[in-house]
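Beneath this line is the structure, given in structure tokens, with notes to follow.
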Amino acid sequence: MTDNILNSFKLDGKVAIVTGAARGLGQGIALGLAQAGADIAAVDILDTAETQKLVQALGRKCITIEADLSSSDCINGIITQTTEKLGSIDILINNAGIIRRAPIVDFTEKDWDDVMNINIRTLFFLSQAVAKVFIKQGNGGKIINTASMLSFQGGILVPSYTASKSAVMGLTRLLANELAPHGINVNAIAPGYMATDNTAPLRADKDRNAAILARIPAGRWGNPEDLQGAVVFLASKAADYVQGYTIAVDGGWLAR
């Protein structure tokens, strides 16, 4: 046992891969992990220079990896660059995700495939690849997936997003079951309604915005910083006995 419970939350010497790290929730997650002591591999198809600068300002190392997560072809490169430049992998944050909105009668096959490829297909195969690294290293590891309110609910106008995020919660359980014997913890975080690019259309719609805020007990949209505590907890020794669970960070949305 540690002398001080707060020491169990420290991530000193750990290396975390964060996908979708260029902005929004991914950037906030990367900064939270860095504040707790982790070095970061910031993965995105977008420019992650800002995230790198912010992480380095905290005194942590940060490498940037440009990757198109719509295909699993990028996975070997992510693994290789992280291990070669940062020495190991201890934490994987599967945060990258996209959303497409349209009524089901108009929803296209492309919008279905594009969302499913990033949100669940590459998430699984990247988790698989990182799990192999964890097992080889022999020190366990942490995988944290970004789920959604639509892992619990149906929603409207986002069929592929709902399908993918429901799958994320289920896959989190399966991965936890199979990887627990190797000392690997797999859990997920379900952000509530967050002020990000994905929700910009909702916030711009006066009626939808008002309806959403009226249901959130906290009375506000969430922000990336709201996820940092849950992410650091799940990535740390403090969560060694937490397995296969999806934590909602939603301002009380699901409690209504």
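How things are named: the first chain in the structure tokens is A, the next is B, and so on; residues count from 1 in each chain; ligands count from 1 in the order shown.
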Using only C-alpha atoms, which residues sit within 6 Å of region 138-141 of chain A once same-chain residues fewer than 3 positions away are excluded, as a ChimeraX atom specification? /A:90-91,134-135,182-184
Close residues, region 55-58 of chain A itself excluded, 10 Å, only C-alpha atoms, min 4 positions apart in chain, as a ChimeraX atom specification: /A:27,30-40,42,49-51,62-63
Selected residues written out, N, CA and C atoms, as an mmCIF file, in the first residue's frame:
data_model
loop_
_atom_site.group_PDB
_atom_site.id
_atom_site.type_symbol
_atom_site.label_atom_id
_atom_site.label_comp_id
_atom_site.auth_asym_id
_atom_site.auth_seq_id
_atom_site.Cartn_x
_atom_site.Cartn_y
_atom_site.Cartn_z
ATOM 1 N N GLN A 27 -7.567 17.036 -26.597
ATOM 2 C CA GLN A 27 -6.536 17.942 -26.088
ATOM 3 C C GLN A 27 -6.660 18.086 -24.573
ATOM 4 N N ALA A 30 -5.290 14.960 -22.943
ATOM 5 C CA ALA A 30 -3.836 14.933 -23.000
ATOM 6 C C ALA A 30 -3.223 15.841 -21.947
ATOM 7 N N LEU A 31 -3.796 17.006 -21.769
ATOM 8 C CA LEU A 31 -3.260 17.949 -20.786
ATOM 9 C C LEU A 31 -3.477 17.449 -19.361
ATOM 10 N N GLY A 32 -4.622 16.815 -19.111
ATOM 11 C CA GLY A 32 -4.865 16.264 -17.782
ATOM 12 C C GLY A 32 -3.865 15.170 -17.445
ATOM 13 N N LEU A 33 -3.595 14.285 -18.396
ATOM 14 C CA LEU A 33 -2.619 13.213 -18.172
ATOM 15 C C LEU A 33 -1.221 13.790 -17.965
ATOM 16 N N ALA A 34 -0.886 14.819 -18.734
ATOM 17 C CA ALA A 34 0.431 15.444 -18.592
ATOM 18 C C ALA A 34 0.568 16.115 -17.232
ATOM 19 N N GLN A 35 -0.488 16.769 -16.762
ATOM 20 C CA GLN A 35 -0.447 17.381 -15.440
ATOM 21 C C GLN A 35 -0.210 16.345 -14.347
ATOM 22 N N ALA A 36 -0.682 15.121 -14.593
ATOM 23 C CA ALA A 36 -0.489 14.042 -13.622
ATOM 24 C C ALA A 36 0.867 13.371 -13.767
ATOM 25 N N GLY A 37 1.644 13.764 -14.795
ATOM 26 C CA GLY A 37 3.007 13.269 -14.915
ATOM 27 C C GLY A 37 3.319 12.454 -16.144
ATOM 28 N N ALA A 38 2.338 12.209 -17.016
ATOM 29 C CA ALA A 38 2.567 11.338 -18.176
ATOM 30 C C ALA A 38 3.165 12.089 -19.356
ATOM 31 N N ASP A 39 3.966 11.391 -20.140
ATOM 32 C CA ASP A 39 4.396 11.876 -21.447
ATOM 33 C C ASP A 39 3.347 11.448 -22.469
ATOM 34 N N ILE A 40 3.221 12.213 -23.542
ATOM 35 C CA ILE A 40 2.078 12.060 -24.455
ATOM 36 C C ILE A 40 2.512 11.813 -25.893
ATOM 37 N N ALA A 42 0.580 12.396 -29.097
ATOM 38 C CA ALA A 42 -0.639 13.061 -29.565
ATOM 39 C C ALA A 42 -0.923 12.648 -30.997
ATOM 40 N N ALA A 49 0.267 20.499 -33.126
ATOM 41 C CA ALA A 49 1.354 21.339 -32.620
ATOM 42 C C ALA A 49 0.939 22.108 -31.369
ATOM 43 N N GLU A 50 -0.306 22.583 -31.321
ATOM 44 C CA GLU A 50 -0.758 23.333 -30.149
ATOM 45 C C GLU A 50 -0.777 22.439 -28.912
ATOM 46 N N THR A 51 -1.289 21.223 -29.073
ATOM 47 C CA THR A 51 -1.305 20.287 -27.950
ATOM 48 C C THR A 51 0.112 19.992 -27.487
ATOM 49 N N CYS A 62 6.208 15.366 -25.413
ATOM 50 C CA CYS A 62 5.045 15.151 -26.278
ATOM 51 C C CYS A 62 5.519 14.989 -27.702
ATOM 52 N N ILE A 63 5.179 13.846 -28.301
ATOM 53 C CA ILE A 63 5.441 13.664 -29.724
ATOM 54 C C ILE A 63 4.125 13.780 -30.467
#
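For Asp47 (chain A), the set of protein, DNA and RNA residues having any atom at most 10 Å away, when counting only C-alpha atoms and skipping those fewer than 5 positions along the same chain, is Ala21, Ala22, Arg23, Ala42, Gln52, Thr64, Ile65 and Glu66 of chain A.
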The selected residues should be written to file as a short mmCIF file (atom, residue, chain, number, x, y, z; two decimals), in the first residue's frame (atoms: N, CA and C atoms).
data_model
loop_
_atom_site.label_atom_id
_atom_site.label_comp_id
_atom_site.auth_asym_id
_atom_site.auth_seq_id
_atom_site.Cartn_x
_atom_site.Cartn_y
_atom_site.Cartn_z
N ALA A 21 -6.18 14.12 -30.50
CA ALA A 21 -5.58 14.99 -29.48
C ALA A 21 -5.37 16.43 -29.93
N ALA A 22 -5.78 16.76 -31.14
CA ALA A 22 -5.47 18.09 -31.66
C ALA A 22 -6.28 19.19 -30.99
N ARG A 23 -7.47 18.85 -30.54
CA ARG A 23 -8.35 19.89 -29.99
C ARG A 23 -9.42 19.24 -29.12
N ALA A 42 0.58 12.40 -29.10
CA ALA A 42 -0.64 13.06 -29.57
C ALA A 42 -0.92 12.65 -31.00
N GLN A 52 1.01 19.78 -28.43
CA GLN A 52 2.41 19.51 -28.08
C GLN A 52 3.00 20.67 -27.27
N THR A 64 4.22 14.20 -31.73
CA THR A 64 3.01 14.32 -32.55
C THR A 64 3.05 13.25 -33.63
N ILE A 65 1.92 12.60 -33.84
CA ILE A 65 1.82 11.55 -34.83
C ILE A 65 0.61 11.85 -35.72
N GLU A 66 0.88 12.14 -36.98
CA GLU A 66 -0.21 12.37 -37.92
C GLU A 66 -0.74 11.02 -38.41
#
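Here the strand (DSSP E or B) residues in region 109-232 of chain A, by DSSP on the backbone, are Gly141, Lys142, Ile143, Ile144, Asn145, Thr146, Ile184, Asn185, Val186, Asn187, Ala188, Ile189, Ala190, Pro191, Met194 and Gly222 of chain A.
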Using N, CA and C atoms, can you export the residues from the last selection as a short mmCIF file (atom, residue, chain, number, x, y, z; two decimals), in the first residue's frame?
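The resulting file, part.cif, is reproduced below:
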data_model
loop_
_atom_site.label_atom_id
_atom_site.label_comp_id
_atom_site.auth_asym_id
_atom_site.auth_seq_id
_atom_site.Cartn_x
_atom_site.Cartn_y
_atom_site.Cartn_z
N GLY A 141 -1.34 -2.37 -18.01
CA GLY A 141 -1.59 -1.15 -18.77
C GLY A 141 -3.03 -0.72 -18.62
N LYS A 142 -3.34 0.42 -19.18
CA LYS A 142 -4.69 1.00 -19.09
C LYS A 142 -5.18 1.38 -20.48
N ILE A 143 -6.38 0.95 -20.81
CA ILE A 143 -7.05 1.38 -22.04
C ILE A 143 -8.33 2.08 -21.63
N ILE A 144 -8.52 3.30 -22.12
CA ILE A 144 -9.71 4.09 -21.80
C ILE A 144 -10.35 4.53 -23.11
N ASN A 145 -11.59 4.14 -23.30
CA ASN A 145 -12.33 4.48 -24.51
C ASN A 145 -13.28 5.65 -24.25
N THR A 146 -13.50 6.46 -25.26
CA THR A 146 -14.49 7.53 -25.15
C THR A 146 -15.82 7.01 -25.68
N ILE A 184 -4.25 -5.71 -17.30
CA ILE A 184 -4.66 -4.58 -18.15
C ILE A 184 -6.09 -4.20 -17.80
N ASN A 185 -6.29 -2.94 -17.47
CA ASN A 185 -7.62 -2.42 -17.16
C ASN A 185 -8.20 -1.73 -18.38
N VAL A 186 -9.44 -2.04 -18.71
CA VAL A 186 -10.13 -1.39 -19.83
C VAL A 186 -11.44 -0.82 -19.32
N ASN A 187 -11.59 0.47 -19.47
CA ASN A 187 -12.81 1.17 -19.05
C ASN A 187 -13.14 2.25 -20.07
N ALA A 188 -14.25 2.92 -19.87
CA ALA A 188 -14.65 3.99 -20.79
C ALA A 188 -15.20 5.18 -20.02
N ILE A 189 -15.17 6.30 -20.68
CA ILE A 189 -15.79 7.52 -20.16
C ILE A 189 -16.85 7.96 -21.16
N ALA A 190 -18.03 8.26 -20.66
CA ALA A 190 -19.11 8.75 -21.50
C ALA A 190 -19.31 10.23 -21.22
N PRO A 191 -18.76 11.09 -22.05
CA PRO A 191 -18.98 12.53 -21.84
C PRO A 191 -20.45 12.88 -22.07
N MET A 194 -20.99 18.16 -24.44
CA MET A 194 -19.78 18.95 -24.30
C MET A 194 -19.71 20.03 -25.37
N GLY A 222 -20.73 20.81 -20.83
CA GLY A 222 -19.44 20.44 -20.27
C GLY A 222 -18.30 20.99 -21.09
#
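The closest residue to Lys132 (chain A), picked from A:Gly192, A:Leu171, A:Ile89, A:Asn4 and counting only C-alpha atoms, is A:Ile89.
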Which one is closest to Ser160 (chain A): A:Pro217, A:Gly252, A:Gly97, A:Gly13? Count only C-alpha atoms. A:Gly97
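Of the residues listed (A:Ala41, A:Ile79, A:Ala230, A:Leu54), A:Ala41 shows the shortest atom-to-atom separation from Val15 (chain A); distances use only C-alpha atoms.
Rounded to one decimal, CA of Val133 (chain A) and CA of Asn76 (chain A) lie 11.3 Å from each other.
Compared by their closest atoms to Ala214 (chain A), and using only C-alpha atoms, the residues A:Leu174, A:Arg256, A:Cys74, A:Tyr161 rank with A:Arg256 nearest.
The residue set within 9 Å of Arg101 (chain A), counting only C-alpha atoms and dropping same-chain residues fewer than 2 places from it, reads Ile99, Pro103, Phe107, Asp111, Ile156, Leu157, Val158, Pro159, Ser160 and Tyr161 of chain A.
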Using only C-alpha atoms, which residues sit within 10 Å of Arg220 (chain A) once same-chain residues fewer than 4 positions away are excluded, as a PDB file with C-alpha atoms, in the first residue's frame?
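Just written: out-v3.pdb:
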ATOM      1  CA  TYR A 193     -23.128  17.259 -23.811  1.00  0.00           C
ATOM      2  CA  MET A 194     -19.777  18.950 -24.304  1.00  0.00           C
ATOM      3  CA  ALA A 195     -18.976  22.261 -25.971  1.00  0.00           C
ATOM      4  CA  ILE A 212     -30.579  20.278 -23.767  1.00  0.00           C
ATOM      5  CA  LEU A 213     -29.608  22.780 -21.095  1.00  0.00           C
ATOM      6  CA  ALA A 214     -33.022  22.412 -19.459  1.00  0.00           C
ATOM      7  CA  ARG A 215     -32.364  18.702 -18.910  1.00  0.00           C
ATOM      8  CA  ILE A 216     -28.800  18.985 -17.554  1.00  0.00           C
ATOM      9  CA  ASP A 250     -22.490  14.322 -17.892  1.00  0.00           C
ATOM     10  CA  GLY A 251     -23.559  16.981 -15.396  1.00  0.00           C
TER      11      GLY A 251
END
Mind checking which residues fall within 12 Å of region 123-126 of chain A, counting only C-alpha atoms, ignoring those fewer than 6 positions away in the same chain, and posting them as a count of residues only? 44
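Here the question is which of A:Ile118, A:Leu254, A:Leu86, A:Ala235 gets nearest to Ile98 (chain A) using only C-alpha atoms, and that residue is A:Ile118.
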So, with only C-alpha atoms as the atoms that count, which of A:Leu202, A:Ala210, A:Val231, A:Ala131 lies closest to Leu179 (chain A)? A:Ala131
